[in-house]
Amino acid sequence: MAKNFSQLSVVAFQILLALSLKPRHGYEIMQQIEEDTSGRIKIGPGSLYGTIGELVEEGLIVESSLEPAGRRKYYELTNKGKATLSLELSNIEATLKLGKERTAGVSTLNGAVA
Amino acid sequence: MRMSLQIYRLLCSLYPKAYRARYEDQIMATAEDMLSAASSPIVRSTVITKLVFELPGSIIKQQVVAAQHSPAGGIVMQGDKLARLNALLMAPFFVLIALNAYVRTVATWHTVMYIGIVVLPIIALAVGASVSIWVIFLNMDRTASYRRIPVILARNWQIASSALLALFIVGFVFGHDSVHCVTDNPAQAAQHPSQTLRCVEHG
(Lines give C-alpha, C1' and ligand atoms only; values in the text may rest on other atoms or scores of the structure.)
Protein backbone atom coordinates (compact mmCIF):
# COMPACT_ATOMS: atom_id res chain seq x y z
CA MET A 1 0.00 0.00 0.00
CA ALA A 2 1.20 3.54 -0.73
CA LYS A 3 2.72 5.44 2.19
CA ASN A 4 0.25 7.57 4.14
CA PHE A 5 0.30 11.32 3.47
CA SER A 6 1.03 12.33 7.04
CA GLN A 7 4.06 10.00 7.25
CA LEU A 8 6.01 11.54 4.39
CA SER A 9 8.40 14.31 5.39
CA VAL A 10 9.01 17.40 3.25
CA VAL A 11 12.49 16.18 2.28
CA ALA A 12 11.20 12.70 1.44
CA PHE A 13 8.47 14.23 -0.71
CA GLN A 14 10.97 16.46 -2.52
CA ILE A 15 13.25 13.46 -3.19
CA LEU A 16 10.36 11.49 -4.67
CA LEU A 17 9.42 14.50 -6.77
CA ALA A 18 13.02 14.92 -7.98
CA LEU A 19 13.16 11.25 -8.97
CA SER A 20 9.84 11.40 -10.79
CA LEU A 21 11.56 12.73 -13.92
CA LYS A 22 14.45 10.29 -14.20
CA PRO A 23 16.91 8.28 -12.07
CA ARG A 24 19.44 10.54 -10.33
CA HIS A 25 22.40 10.30 -7.99
CA GLY A 26 22.70 12.20 -4.70
CA TYR A 27 24.14 15.46 -5.98
CA GLU A 28 21.64 15.60 -8.86
CA ILE A 29 18.78 15.04 -6.40
CA MET A 30 20.07 17.93 -4.26
CA GLN A 31 20.31 20.22 -7.29
CA GLN A 32 16.82 19.26 -8.50
CA ILE A 33 15.31 19.91 -5.05
CA GLU A 34 16.97 23.31 -4.92
CA GLU A 35 15.64 24.12 -8.37
CA ASP A 36 12.13 22.78 -7.66
CA THR A 37 11.81 24.82 -4.47
CA SER A 38 13.57 27.93 -5.84
CA GLY A 39 16.27 27.49 -3.22
CA ARG A 40 13.83 27.38 -0.28
CA ILE A 41 14.89 23.85 0.60
CA LYS A 42 18.62 23.11 0.67
CA ILE A 43 19.72 19.82 2.14
CA GLY A 44 23.18 18.51 2.85
CA PRO A 45 24.52 15.02 2.10
CA GLY A 46 23.93 13.85 5.70
CA SER A 47 20.19 14.54 5.66
CA LEU A 48 19.88 13.48 2.03
CA TYR A 49 21.31 9.99 2.49
CA GLY A 50 19.48 9.55 5.81
CA THR A 51 16.18 10.14 4.01
CA ILE A 52 17.27 8.09 0.98
CA GLY A 53 17.97 5.21 3.39
CA GLU A 54 14.47 5.51 4.86
CA LEU A 55 12.87 5.63 1.41
CA VAL A 56 14.84 2.56 0.28
CA GLU A 57 13.78 0.74 3.45
CA GLU A 58 10.14 1.68 2.79
CA GLY A 59 10.48 0.37 -0.77
CA LEU A 60 9.62 3.75 -2.31
CA ILE A 61 12.91 4.07 -4.21
CA VAL A 62 15.63 1.60 -5.26
CA GLU A 63 19.15 1.76 -6.56
CA SER A 64 18.83 2.06 -10.31
CA SER A 65 20.21 -0.49 -12.71
CA LEU A 66 22.01 2.40 -14.43
CA GLU A 67 25.81 2.09 -14.36
CA PRO A 68 27.03 3.99 -11.25
CA ALA A 69 29.05 7.13 -12.05
CA GLY A 70 32.11 6.27 -9.96
CA ARG A 71 30.97 6.11 -6.36
CA ARG A 72 27.73 7.87 -7.29
CA LYS A 73 24.79 5.45 -7.29
CA TYR A 74 21.61 6.29 -9.13
CA TYR A 75 18.20 5.98 -7.49
CA GLU A 76 14.78 5.62 -9.08
CA LEU A 77 11.14 5.42 -8.00
CA THR A 78 9.48 2.06 -7.49
CA ASN A 79 5.82 1.51 -8.34
CA LYS A 80 5.04 1.97 -4.66
CA GLY A 81 7.03 5.23 -4.72
CA LYS A 82 5.11 6.46 -7.76
CA ALA A 83 1.77 5.60 -6.07
CA THR A 84 2.87 7.38 -2.87
CA LEU A 85 3.92 10.48 -4.78
CA SER A 86 0.64 10.46 -6.69
CA LEU A 87 -1.34 10.12 -3.45
CA GLU A 88 0.71 12.88 -1.84
CA LEU A 89 0.07 15.20 -4.79
CA SER A 90 -3.69 14.48 -4.71
CA ASN A 91 -3.73 15.27 -1.00
CA ILE A 92 -1.83 18.52 -1.56
CA GLU A 93 -4.21 19.41 -4.39
CA ALA A 94 -7.25 18.75 -2.20
CA THR A 95 -5.73 20.76 0.68
CA LEU A 96 -4.89 23.61 -1.70
CA LYS A 97 -8.44 23.64 -3.07
CA LEU A 98 -9.90 23.67 0.43
CA GLY A 99 -7.49 26.42 1.50
CA LYS A 100 -8.43 28.56 -1.51
CA GLU A 101 -12.13 28.12 -0.82
CA ARG A 102 -11.70 29.06 2.81
CA THR A 103 -9.49 32.08 2.19
CA ALA A 104 -11.87 33.25 -0.55
CA GLY A 105 -14.66 33.09 2.05
CA VAL A 106 -12.54 35.06 4.50
CA SER A 107 -11.78 37.78 1.88
CA THR A 108 -15.48 38.08 1.00
CA LEU A 109 -16.32 38.34 4.69
CA ASN A 110 -13.57 40.92 5.23
CA GLY A 111 -14.89 42.88 2.25
CA ALA A 112 -18.45 42.82 3.69
CA VAL A 113 -17.21 44.01 7.11
CA ALA A 114 -15.20 46.83 5.54
CA MET B 1 40.06 21.15 -0.57
CA ARG B 2 41.70 17.79 0.04
CA MET B 3 42.19 18.64 3.73
CA SER B 4 38.57 19.76 4.13
CA LEU B 5 37.44 16.46 2.65
CA GLN B 6 39.74 14.55 4.99
CA ILE B 7 38.21 16.34 7.97
CA TYR B 8 34.76 15.61 6.55
CA ARG B 9 35.62 11.93 6.14
CA LEU B 10 36.90 11.86 9.72
CA LEU B 11 33.56 13.26 10.91
CA CYS B 12 31.72 10.71 8.75
CA SER B 13 33.54 7.96 10.64
CA LEU B 14 31.21 8.80 13.57
CA TYR B 15 28.27 7.33 11.65
CA PRO B 16 27.27 3.76 12.64
CA LYS B 17 29.35 1.09 10.88
CA ALA B 18 26.49 -0.35 8.79
CA TYR B 19 25.39 3.11 7.64
CA ARG B 20 28.97 3.99 6.69
CA ALA B 21 29.39 0.79 4.71
CA ARG B 22 26.32 1.66 2.70
CA TYR B 23 26.46 5.44 2.27
CA GLU B 24 29.88 6.86 3.21
CA ASP B 25 31.28 6.69 -0.33
CA GLN B 26 28.16 8.31 -1.73
CA ILE B 27 28.18 11.03 0.93
CA MET B 28 31.84 11.76 0.17
CA ALA B 29 31.17 11.82 -3.58
CA THR B 30 28.29 14.28 -3.07
CA ALA B 31 30.46 16.47 -0.82
CA GLU B 32 33.17 16.42 -3.51
CA ASP B 33 30.61 17.42 -6.17
CA MET B 34 29.41 20.30 -3.99
CA LEU B 35 32.96 21.55 -3.45
CA SER B 36 33.86 21.16 -7.13
CA ALA B 37 30.83 23.24 -8.09
CA ALA B 38 31.89 26.08 -5.76
CA SER B 39 33.04 28.94 -7.98
CA SER B 40 35.35 30.77 -5.56
CA PRO B 41 37.30 30.13 -2.35
CA ILE B 42 34.70 32.09 -0.38
CA VAL B 43 31.84 29.98 -1.74
CA ARG B 44 33.93 26.87 -1.08
CA SER B 45 34.43 27.92 2.58
CA THR B 46 30.67 28.47 2.91
CA VAL B 47 30.01 25.02 1.44
CA ILE B 48 32.54 23.40 3.80
CA THR B 49 30.98 25.17 6.81
CA LYS B 50 27.49 24.04 5.77
CA LEU B 51 28.71 20.48 5.19
CA VAL B 52 30.38 20.27 8.59
CA PHE B 53 27.53 21.88 10.54
CA GLU B 54 24.92 19.70 8.83
CA LEU B 55 26.64 16.48 9.83
CA PRO B 56 26.24 16.22 13.66
CA GLY B 57 22.42 16.16 13.58
CA SER B 58 22.49 13.46 10.92
CA ILE B 59 25.09 11.43 12.84
CA ILE B 60 23.06 11.57 16.07
CA LYS B 61 19.92 10.54 14.17
CA GLN B 62 21.66 7.56 12.56
CA GLN B 63 23.21 6.54 15.91
CA VAL B 64 19.74 6.58 17.48
CA VAL B 65 18.35 4.52 14.57
CA ALA B 66 21.24 2.04 14.90
CA ALA B 67 20.70 1.79 18.66
CA GLN B 68 16.98 1.13 18.21
CA HIS B 69 17.76 -1.73 15.83
CA SER B 70 20.39 -3.28 18.08
CA PRO B 71 19.38 -5.04 21.35
CA ALA B 72 22.62 -4.05 23.05
CA GLY B 73 22.51 -0.45 21.81
CA GLY B 74 24.38 0.90 18.80
CA ILE B 75 26.53 3.15 20.91
CA VAL B 76 28.19 0.23 22.68
CA MET B 77 31.29 0.35 20.48
CA GLN B 78 31.72 4.08 21.02
CA GLY B 79 30.98 3.54 24.73
CA ASP B 80 33.83 1.07 24.81
CA LYS B 81 36.19 3.59 23.23
CA LEU B 82 35.01 6.29 25.63
CA ALA B 83 35.62 3.93 28.56
CA ARG B 84 39.24 3.65 27.40
CA LEU B 85 39.43 7.43 27.16
CA ASN B 86 38.08 7.63 30.71
CA ALA B 87 40.73 5.16 31.89
CA LEU B 88 43.38 7.47 30.39
CA LEU B 89 41.80 10.48 32.08
CA MET B 90 41.86 8.76 35.47
CA ALA B 91 45.32 7.19 35.18
CA PRO B 92 47.18 10.39 36.22
CA PHE B 93 45.23 10.37 39.52
CA PHE B 94 46.65 7.00 40.53
CA VAL B 95 50.13 7.83 39.21
CA LEU B 96 50.25 11.13 41.13
CA ILE B 97 48.91 9.61 44.35
CA ALA B 98 51.49 6.81 44.15
CA LEU B 99 54.33 9.19 43.29
CA ASN B 100 53.31 11.55 46.09
CA ALA B 101 53.65 8.73 48.61
CA TYR B 102 57.29 8.13 47.67
CA VAL B 103 58.57 11.44 46.27
CA ARG B 104 57.53 14.35 48.46
CA THR B 105 58.56 17.00 45.92
CA VAL B 106 55.68 15.82 43.72
CA ALA B 107 53.44 17.82 46.07
CA THR B 108 55.05 21.01 44.81
CA TRP B 109 53.84 20.35 41.25
CA HIS B 110 50.68 22.13 42.19
CA THR B 111 49.23 22.69 38.73
CA VAL B 112 50.01 19.13 37.68
CA MET B 113 48.42 17.81 40.89
CA TYR B 114 45.38 20.03 40.39
CA ILE B 115 44.87 18.83 36.81
CA GLY B 116 45.60 15.16 37.49
CA ILE B 117 43.73 14.84 40.77
CA VAL B 118 40.78 17.18 40.31
CA VAL B 119 40.23 18.28 36.71
CA LEU B 120 40.77 15.03 34.77
CA PRO B 121 38.61 12.85 37.08
CA ILE B 122 35.81 15.44 36.87
CA ILE B 123 36.02 15.29 33.05
CA ALA B 124 36.01 11.48 33.26
CA LEU B 125 32.93 11.61 35.50
CA ALA B 126 31.15 13.98 33.09
CA VAL B 127 31.97 11.74 30.10
CA GLY B 128 31.08 8.49 31.90
CA ALA B 129 27.85 9.78 33.40
CA SER B 130 26.61 11.46 30.23
CA VAL B 131 27.39 8.45 28.02
CA SER B 132 25.76 6.08 30.54
CA ILE B 133 22.62 8.25 30.61
CA TRP B 134 22.70 8.41 26.80
CA VAL B 135 22.96 4.62 26.53
CA ILE B 136 20.02 4.20 28.94
CA PHE B 137 18.00 6.73 26.95
CA LEU B 138 18.74 4.94 23.67
CA ASN B 139 17.80 1.53 25.02
CA MET B 140 14.61 2.49 26.86
CA ASP B 141 11.37 2.52 24.93
CA ARG B 142 8.06 3.78 26.24
CA THR B 143 7.02 0.42 27.57
CA ALA B 144 10.33 -0.40 29.29
CA SER B 145 10.40 -0.58 33.06
CA TYR B 146 13.03 1.20 35.16
CA ARG B 147 14.12 -2.26 36.27
CA ARG B 148 15.73 -2.56 32.85
CA ILE B 149 18.31 0.14 33.67
CA PRO B 150 20.72 -2.20 35.56
CA VAL B 151 20.53 -4.66 32.64
CA ILE B 152 21.39 -1.91 30.15
CA LEU B 153 24.26 -0.71 32.36
CA ALA B 154 25.51 -4.28 32.77
CA ARG B 155 25.59 -4.65 28.99
CA ASN B 156 27.57 -1.43 28.78
CA TRP B 157 29.66 -2.23 31.84
CA GLN B 158 32.86 -0.64 30.53
CA ILE B 159 31.51 2.91 30.42
CA ALA B 160 29.26 2.39 33.48
CA SER B 161 32.16 1.16 35.62
CA SER B 162 34.41 3.98 34.42
CA ALA B 163 31.69 6.44 35.50
CA LEU B 164 31.46 4.76 38.92
CA LEU B 165 35.24 4.83 39.38
CA ALA B 166 35.35 8.51 38.38
CA LEU B 167 32.54 9.20 40.88
CA PHE B 168 34.51 7.42 43.59
CA ILE B 169 37.67 9.45 42.79
CA VAL B 170 35.81 12.78 42.73
CA GLY B 171 34.02 11.87 45.97
CA PHE B 172 37.30 10.84 47.57
CA VAL B 173 39.13 14.00 46.44
CA PHE B 174 36.45 16.38 47.64
CA GLY B 175 35.82 14.40 50.82
CA HIS B 176 39.47 14.27 51.82
CA ASP B 177 40.63 16.85 54.36
CA SER B 178 43.69 17.80 52.30
CA VAL B 179 41.57 18.68 49.26
CA HIS B 180 42.38 22.38 49.69
CA CYS B 181 46.00 21.54 48.90
CA VAL B 182 45.10 20.79 45.33
CA THR B 183 41.98 22.83 44.79
CA ASP B 184 43.59 26.13 45.83
CA ASN B 185 44.12 28.62 43.06
CA PRO B 186 47.19 27.34 41.16
CA ALA B 187 48.43 30.93 40.66
CA GLN B 188 48.42 31.49 44.43
CA ALA B 189 50.06 28.13 45.00
CA ALA B 190 52.85 29.05 42.61
CA GLN B 191 53.46 32.24 44.62
CA HIS B 192 53.67 30.27 47.88
CA PRO B 193 55.31 26.96 47.01
CA SER B 194 56.55 26.32 50.55
CA GLN B 195 53.06 26.74 52.00
CA THR B 196 51.64 24.34 49.42
CA LEU B 197 54.32 21.78 50.23
CA ARG B 198 53.61 22.12 53.94
CA CYS B 199 49.91 21.76 53.29
CA VAL B 200 50.42 18.43 51.54
CA GLU B 201 52.97 17.24 54.11
CA HIS B 202 50.58 17.97 56.95
CA GLY B 203 47.45 16.87 55.03
# chains A, B, ... in the order shown; residues from 1 in each chain; ligands from 1
>>> interface_residues(of="chain A", to="chain B", cutoff="9 Å", atoms="only C-alpha atoms", output="ChimeraX atom specification")
/A:25-28,43-50,53,70-73
>>> write_last_selection(atoms="N, CA, C and O atoms", output="short mmCIF file (atom, residue, chain, number, x, y, z; two decimals), in the first residue's frame")
data_model
loop_
_atom_site.label_atom_id
_atom_site.label_comp_id
_atom_site.auth_asym_id
_atom_site.auth_seq_id
_atom_site.Cartn_x
_atom_site.Cartn_y
_atom_site.Cartn_z
N HIS A 25 21.55 10.58 -9.16
CA HIS A 25 22.40 10.30 -7.99
C HIS A 25 22.26 11.44 -6.98
O HIS A 25 21.60 12.45 -7.28
N GLY A 26 22.88 11.27 -5.82
CA GLY A 26 22.70 12.20 -4.70
C GLY A 26 22.82 13.67 -5.04
O GLY A 26 21.92 14.46 -4.74
N TYR A 27 23.92 14.04 -5.70
CA TYR A 27 24.14 15.46 -5.98
C TYR A 27 23.08 16.00 -6.94
O TYR A 27 22.60 17.12 -6.77
N GLU A 28 22.68 15.17 -7.92
CA GLU A 28 21.64 15.60 -8.86
C GLU A 28 20.30 15.78 -8.14
O GLU A 28 19.56 16.70 -8.45
N ILE A 43 19.34 20.88 1.19
CA ILE A 43 19.72 19.82 2.14
C ILE A 43 21.17 19.41 1.89
O ILE A 43 21.66 19.47 0.77
N GLY A 44 21.79 18.97 2.95
CA GLY A 44 23.18 18.51 2.85
C GLY A 44 23.22 17.00 2.64
O GLY A 44 22.19 16.32 2.78
N PRO A 45 24.40 16.47 2.35
CA PRO A 45 24.52 15.02 2.10
C PRO A 45 24.06 14.16 3.28
O PRO A 45 23.47 13.10 3.08
N GLY A 46 24.31 14.63 4.51
CA GLY A 46 23.93 13.85 5.70
C GLY A 46 22.44 13.59 5.73
O GLY A 46 21.99 12.45 5.83
N SER A 47 21.65 14.68 5.62
CA SER A 47 20.19 14.54 5.66
C SER A 47 19.70 13.80 4.43
O SER A 47 18.77 12.98 4.51
N LEU A 48 20.32 14.10 3.29
CA LEU A 48 19.88 13.48 2.03
C LEU A 48 19.96 11.95 2.10
O LEU A 48 18.98 11.25 1.86
N TYR A 49 21.14 11.45 2.49
CA TYR A 49 21.31 9.99 2.49
C TYR A 49 20.54 9.32 3.64
O TYR A 49 20.15 8.16 3.53
N GLY A 50 20.32 10.07 4.73
CA GLY A 50 19.48 9.55 5.81
C GLY A 50 18.08 9.28 5.28
O GLY A 50 17.51 8.21 5.49
N GLY A 53 17.96 6.51 2.69
CA GLY A 53 17.97 5.21 3.39
C GLY A 53 16.58 4.80 3.83
O GLY A 53 16.16 3.66 3.67
N GLY A 70 31.10 6.34 -11.02
CA GLY A 70 32.11 6.27 -9.96
C GLY A 70 31.46 5.74 -8.70
O GLY A 70 30.82 4.69 -8.72
N ARG A 71 31.59 6.55 -7.61
CA ARG A 71 30.97 6.11 -6.36
C ARG A 71 29.52 6.58 -6.26
O ARG A 71 28.86 6.38 -5.26
N ARG A 72 29.08 7.30 -7.32
CA ARG A 72 27.73 7.87 -7.29
C ARG A 72 26.70 6.85 -7.80
O ARG A 72 26.72 6.50 -8.97
N LYS A 73 25.82 6.43 -6.89
CA LYS A 73 24.79 5.45 -7.29
C LYS A 73 23.52 6.19 -7.67
O LYS A 73 23.16 7.18 -7.04
#
>>> residues_around(residues="Ile123 (chain B)", least_positions_apart="4", cutoff="12 Å", atoms="only C-alpha atoms", output="list of chain:residue names")
B:Leu82, B:Leu85, B:Asn86, B:Ala87, B:Leu88, B:Leu89, B:Met90, B:Ile115, B:Gly116, B:Ile117, B:Val118, B:Val119, B:Val127, B:Gly128, B:Ala129, B:Ser130, B:Ser162, B:Ala163, B:Ala166, B:Leu167, B:Ile169, B:Val170
>>> select_by_dssp(residues="chain A", states="strand (DSSP E)", output="MDAnalysis selection string")
chainID A and resid 61:63 75:77
>>> closest_residue(among="B:Leu11, B:Pro16, B:Leu35, B:Ser132", to="Leu164 (chain B)", atoms="only C-alpha atoms")
B:Ser132
>>> closest_residue(among="A:Glu93, A:Glu67, A:Ser20, A:Gln32", to="Gly81 (chain A)", atoms="only C-alpha atoms")
A:Ser20
>>> atom_distance(atom1="CA of Leu87 (chain A)", atom2="CA of Leu17 (chain A)")
12.1 Å
>>> decode(residues="region 16-29 of chain B", atoms="N, CA and C atoms", output="JSON list (two decimals), in the first residue's frame")
[["chain", "number", "residue", "atom", "x", "y", "z"],
["B", 16, "PRO", "N", 27.22, 5.20, 12.32],
["B", 16, "PRO", "CA", 27.27, 3.76, 12.64],
["B", 16, "PRO", "C", 27.92, 2.98, 11.49],
["B", 17, "LYS", "N", 28.56, 1.87, 11.84],
["B", 17, "LYS", "CA", 29.35, 1.09, 10.88],
["B", 17, "LYS", "C", 28.52, 0.68, 9.65],
["B", 18, "ALA", "N", 27.33, 0.15, 9.90],
["B", 18, "ALA", "CA", 26.49, -0.35, 8.79],
["B", 18, "ALA", "C", 26.10, 0.79, 7.85],
["B", 19, "TYR", "N", 25.79, 1.94, 8.44],
["B", 19, "TYR", "CA", 25.39, 3.11, 7.64],
["B", 19, "TYR", "C", 26.56, 3.58, 6.79],
["B", 20, "ARG", "N", 27.75, 3.57, 7.41],
["B", 20, "ARG", "CA", 28.97, 3.99, 6.69],
["B", 20, "ARG", "C", 29.24, 3.07, 5.51],
["B", 21, "ALA", "N", 29.11, 1.76, 5.77],
["B", 21, "ALA", "CA", 29.39, 0.79, 4.71],
["B", 21, "ALA", "C", 28.49, 1.04, 3.51],
["B", 22, "ARG", "N", 27.28, 1.49, 3.78],
["B", 22, "ARG", "CA", 26.32, 1.66, 2.70],
["B", 22, "ARG", "C", 26.40, 3.04, 2.03],
["B", 23, "TYR", "N", 26.60, 4.10, 2.84],
["B", 23, "TYR", "CA", 26.46, 5.44, 2.27],
["B", 23, "TYR", "C", 27.70, 6.34, 2.33],
["B", 24, "GLU", "N", 28.75, 5.93, 3.04],
["B", 24, "GLU", "CA", 29.88, 6.86, 3.21],
["B", 24, "GLU", "C", 30.48, 7.31, 1.87],
["B", 25, "ASP", "N", 30.69, 6.35, 0.98],
["B", 25, "ASP", "CA", 31.28, 6.69, -0.33],
["B", 25, "ASP", "C", 30.39, 7.67, -1.08],
["B", 26, "GLN", "N", 29.09, 7.42, -1.01],
["B", 26, "GLN", "CA", 28.16, 8.31, -1.73],
["B", 26, "GLN", "C", 28.12, 9.70, -1.09],
["B", 27, "ILE", "N", 28.17, 9.73, 0.24],
["B", 27, "ILE", "CA", 28.18, 11.03, 0.93],
["B", 27, "ILE", "C", 29.43, 11.81, 0.54],
["B", 28, "MET", "N", 30.57, 11.10, 0.54],
["B", 28, "MET", "CA", 31.84, 11.76, 0.17],
["B", 28, "MET", "C", 31.79, 12.25, -1.27],
["B", 29, "ALA", "N", 31.24, 11.43, -2.17],
["B", 29, "ALA", "CA", 31.17, 11.82, -3.58],
["B", 29, "ALA", "C", 30.30, 13.06, -3.74]]
